[in-house]
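Encoded as structure tokens, the structure appears first; notes follow it.
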Amino acid sequence: MNIRRVFWRFFQRERELDDEIEFHLRMAAREHMERGDGEREARNSARREFGSVTFAREITREMWGFASLERLRQDLRYAVRLLVRNPMFALTSILSLALGIGANTAMFGISEAILLRPLAIPEPQDVMLIKTQTPTAGFEDLAFAELEELRKREELFECVAGGHHRGVAFALGQDATPRWRLGMAVTADFFSMMGAPLARGRAFLAEEVKPTAPAPVVILSHRLWRTQFGASDSAIGTTVRINGTAHTVIGVVSPEFTGVDTLMHPEFYVPVHVEEPEDRRIRNLRVFVRVKPGVKEERIEAELAVMAKSLESEFPATNRNRLITVQTQLENRINQSRAVAAVVVMLMGLALLVLAVASANVAGLLLARGRVRMREMAVRASIGAGRLRLVRQMLTESLMLALLGALGGIAVGYSVIQFVSAIQVPTDTPIGIDARLDSRVFLFSLGVSCFSAFCFGLAPALQASRPGTVHALKGGAAPRRNRRRPWGRNALVAAQVACTLVLLVASAAFLDGFRKMLVVDPGLRTSGLMMIEFDPPTAGYSAQQTRQFYRRLLDTVRADGDVVSAALSRCVPFRPNFTDEPVFLAGSEPEPGKDSVMVSANPVDEAYFQTVGIPLMRGRPFVPTDDSSSKPVAIINEEFAERYFAGESGIGRTFRYGESRTQVEVVGVARNVKYLSLAELPQPYFYLPYLQSPRSRMTLFVHTRSDPRLTGDRLVRLVQSLDPSQPVFNTRPFQEFYEMGALGPSRVALQMITATGIVGLLLALVGIYGLVTYNVSRQTREIGIRLAVGARRGQVVGQVIGQGLVVALWGCALGGVAAYFTFRGLAAALSGLGALNPLVALVVPVLLVLLTVLASLPAALRAAWIDPVRALRTE
Amino acid sequence: MTRDGRAQRRLDVLQGTLDLIVLQTLSWGSMHGYAISQSIRARSGERFQVETGSLYPALHRLERQGWLKAEWRMTECNQRAKFYSLTAKGKQQLDEERGRWTEFRAAIEQLLERPAGEETA
């Protein structure tokens, strides 16, 4: 209901009640006058008979159901008064909460972008994924024939559709230079399953998505339409060239629909083209089903199991041991990248820890205020406010603090989310964390703040409303002469120090790990190297033409005067390349119970080692005669020889790799380098000669004499002149890629964790400062007496700091234990972290204790300069 | 005891019966709050004095439950007053409460009746 209407009705009722009572009094007075009383006397008797007008009004109001509103108004008035009267208290609490809530808002925003946000389609929870699973390859997508099979299960699924991401050469007009763009090829019903999220034009017609139909139509993403077509309606009907073929633009998807993946956002959609609908080896379709209402997941599982069995007996070659499973979107996202999910959970935990510190902080401040306000509470209790009422008032105050904190927190969270969204992944693919402050994130942070308000507000509220009225009325906050402090306070401060210690050790460990990483030698050339990526089949090249193109490319580039050497490589260092191959070793089980082990393989040409600067330790490099007509060979790295050939030289040994179990002979051993991350431990790795394992998609590495940042563009133009229709992508100096790809993610993680640690430290210091200050104000009288009988100021300072110090030491002890286990968890998750640096283990707690002392210094100095006379008089 | 006899005989309205009394009073037609309290006092032979602190909460509660409806009208002496009257639901409620009261009274009387043997003992 409209809040203003509620308030308006409330005030109208209020007026009416006053009128009603006024009328009653007038009538009663008139009756008294009729009996012969004077006017004044009559009015007085009427009032006397009526009793307390205020009381009658109060309890009548309670009948309206507005009572809570009225009390809320009162509580809010008290709360505002409290905050205005104590701006420092309000400021520190709101700041603390803003930091804590901000951290959670940001983390939730990020985890939502990566894991939690449902697809922007109607009833997203009904759309599930179908995957197959084998013991060797894990989860895999489906073949087209299997999708058709699923489509027949109309009793289970309303709709079955699939698709796959696809990088193509995309040219806007007839003669424009093609650019590499990520699109999605989709089957029939894809858009109807997703609720036809089209902003312009139409979805694909049935005949346009027949598996074997040519695909002359395309639907654009909203972003592509905006950036390349100026959001013009005339875009519909124009022609774009995809891999050289003209496609007519028939529609634009709505801005909310950014595809079916949280990280990859396709720029266009085309109908999937299936050459061999019955070929069950090509499993590239990510299949979605819209489940019929009322159909249980167990039933789907059961039916899919039956289907898997029958496929197994019908097509043993492709479907042996292949299970078919159904996954929710969330399960699928977690399965896709368990590491990311683990990091998200970890960061979320960290954010909650910060909120815990912030809440403890505010709880401490409130406990302190509670002592001072005991008198106020006692007065209110003695004139009839129930204990529940007092607790509720205190909770209202907490809630108000929390909501103000939430405002600040959302601002903090927003800036963090902006920061994260701006992180660039160094590829041309439109990949990025699409974090935003949407209504779910907003509601989450509101929920978090309400929850925190309850947590930090309850203990102080209970404490302050504890009976003890008489003492409080008589002596203010002084009655309990015993030295026992309220239970929560020391524990709270100690917990804060402990949490902070954990945060600081974690970020110091990261910093240390990062420092190690910076000095780590990646093992290969990073400067003076230019990279250009190709995928000739996207321009319609056959395998034969592709090989010829690469031959011509190398000849042209190597002939250039600025080029020292140039080489082709399937993989780009520090980028996930997905080129792992099963390796079979004669007569040995690399892992118990398994006959093969997955090892990354990289097809490279003969100049690769020289170009990227990886030295060969033994044997020979590849030579141009290592081609399809000669004996298959491979070059392994030192770790491969160490692990699988028991540290022998390895030259002349053989192994088999791949599904085809090709046997190769080792002709050389290359030095270990870093392949995916600077933090990784030595990984086994092997290289194959390009001519024996040709791949279509290759990256050209060019080692230049001059700085590629200056001459790179000329090189790209030279390459493009070979075939203007040939798309090139990821063209950048390798150094740029290395800095973004290898160092970037760690730097971002480090920045975020350090920021969290510093925020935690600030919070803890504010908390300690507030509590020591409070201690002093509570002991004003005692300190005054001691000064009056001759205590030296130094003693007082020592005493006050000592109180803080004992608590800080306790916190450090607790935090040290917690940090030890946290570090073990971190080290298990991130191998590059290494052992805990003893310097870190020592310096962080000592620094923390010193800072605690510093934080209690102002209060201690103030205590030492208390004027005994005034101190004794005030209480 | 300085209070006069009439005042001494005044009874507090039995807990839980105020609703019944108010509903019954209003069954003769609409009245404002003051008239209701006067009517209860007169009709109980001056024995019942309804506290204003209970009457108005009761009226507002019954209104909220939908048994009474209220409107602002002019009295015969031309003063604006809030008049309460029974709704259909209120009439039904009155019948129910009346039935419950009859049962209650019968039960109490039965409890208070001394068994014949006890009297001779």
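Ligands are numbered from 1 in the order shown, chains are lettered A, B, ... in the order of the structure tokens, and residues start at 1 in each chain.
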
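Residues from chain B that have an atom within 10 Å of chain A, counting only C-alpha atoms, are His32, Gly33, Tyr34, Ala35, Ser37, Gln38, Glu51, Thr52, Gly53, Ser54, Leu55, Tyr56, Pro57, Ala58, Leu59, His60, Arg61, Leu62, Glu63, Arg64, Gln65, Trp72, Gln79, Arg80, Ala81, Lys82 and Phe83 of chain B.
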
Leaving out Thr526 of chain A and any residue of its chain fewer than 5 positions from it, which residues lie within 7 Å of it when counting only C-alpha atoms, given as a ChimeraX atom specification? /A:734-735,738

What residues in segment 4-93 of chain B get the DSSP label strand (DSSP E or B)? Please answer as a PyMOL selection string. chain B and resi 11+31-32+48+68-74+80-86

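Residues with any atom within 10 Å of Ile783 of chain A, counting only C-alpha atoms and excluding same-chain neighbours fewer than 2 positions away, are Val776, Ser777, Arg778, Gln779, Thr780, Arg781, Ile785, Arg786, Leu787, Ala788, Val789, Ala791, Arg793, Val796, Val800, Ala863, Ala864, Trp865, Ile866, Asp867, Pro868, Ala871 and Leu872 of chain A.
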
Please write the residues from the selection above to a file, keeping N, CA and C atoms, as a compact mmCIF listing (two decimals), in the first residue's frame.
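Below is the file that was written, out_13.txt:
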```txt
# COMPACT_ATOMS: atom_id res chain seq x y z
N VAL A 776 37.54 4.96 29.16
CA VAL A 776 38.02 6.13 29.89
C VAL A 776 36.84 6.94 30.42
N SER A 777 35.84 7.15 29.58
CA SER A 777 34.72 7.98 30.02
C SER A 777 33.98 7.30 31.17
N ARG A 778 33.99 5.97 31.18
CA ARG A 778 33.32 5.26 32.25
C ARG A 778 34.12 5.35 33.55
N GLN A 779 35.45 5.47 33.41
CA GLN A 779 36.29 5.47 34.60
C GLN A 779 36.72 6.87 35.01
N THR A 780 36.05 7.87 34.45
CA THR A 780 36.44 9.24 34.72
C THR A 780 36.60 9.49 36.23
N ARG A 781 35.59 9.04 36.97
CA ARG A 781 35.58 9.27 38.41
C ARG A 781 36.76 8.59 39.09
N ILE A 785 39.94 10.28 41.02
CA ILE A 785 40.35 10.01 42.40
C ILE A 785 41.82 9.66 42.46
N ARG A 786 42.24 8.80 41.54
CA ARG A 786 43.63 8.36 41.56
C ARG A 786 44.58 9.53 41.32
N LEU A 787 44.17 10.42 40.40
CA LEU A 787 45.02 11.59 40.17
C LEU A 787 45.05 12.48 41.41
N ALA A 788 43.88 12.57 42.06
CA ALA A 788 43.77 13.44 43.22
C ALA A 788 44.66 12.93 44.37
N VAL A 789 44.78 11.59 44.49
CA VAL A 789 45.61 11.08 45.58
C VAL A 789 47.05 10.88 45.14
N ALA A 791 48.47 9.90 41.82
CA ALA A 791 48.97 9.06 40.74
C ALA A 791 49.63 9.93 39.68
N ARG A 793 50.68 10.95 35.82
CA ARG A 793 49.93 10.86 34.55
C ARG A 793 50.41 9.68 33.72
N VAL A 796 48.63 6.56 34.53
CA VAL A 796 47.27 6.51 33.98
C VAL A 796 47.32 6.10 32.52
N VAL A 800 45.55 2.75 30.89
CA VAL A 800 44.53 2.76 29.83
C VAL A 800 45.02 1.95 28.63
N ALA A 863 42.72 10.79 29.26
CA ALA A 863 42.52 10.33 30.63
C ALA A 863 43.55 10.94 31.57
N ALA A 864 44.80 11.03 31.09
CA ALA A 864 45.86 11.51 31.96
C ALA A 864 45.68 12.99 32.28
N TRP A 865 44.99 13.72 31.43
CA TRP A 865 44.82 15.15 31.68
C TRP A 865 43.43 15.50 32.24
N ILE A 866 42.77 14.46 32.77
CA ILE A 866 41.48 14.70 33.43
C ILE A 866 41.71 15.64 34.62
N ASP A 867 40.83 16.60 34.80
CA ASP A 867 40.90 17.49 35.96
C ASP A 867 40.17 16.81 37.12
N PRO A 868 40.91 16.40 38.16
CA PRO A 868 40.29 15.59 39.23
C PRO A 868 39.06 16.27 39.82
N ALA A 871 36.13 15.97 37.46
CA ALA A 871 35.75 14.58 37.29
C ALA A 871 34.92 14.09 38.46
N LEU A 872 35.31 14.52 39.68
CA LEU A 872 34.59 14.08 40.86
C LEU A 872 33.23 14.73 40.95
```

I'd like the interatomic distance between atom CA of Leu182 of chain A and atom CA of Arg575 of chain A, to a tenth of an Å. 17.2 Å

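The coordinates place atom CA of Gly259 of chain A at 14.4 Å from atom CA of Leu115 of chain A.
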
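In this model, the gap between atom CA of Val448 of chain A and atom CA of Asn86 of chain A comes to 24.9 Å.
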
Residue set, chain B restricted to alpha helix (DSSP H), as a VMD selection string: chain B and resid 5 to 9 18 to 26 33 to 43 52 to 64 88 to 112 116 to 120

Minimum-distance residue to Ala70 of chain B, chosen among B:Asp19, B:Asp95, B:Ser39, B:Met31 (using only C-alpha atoms): B:Met31
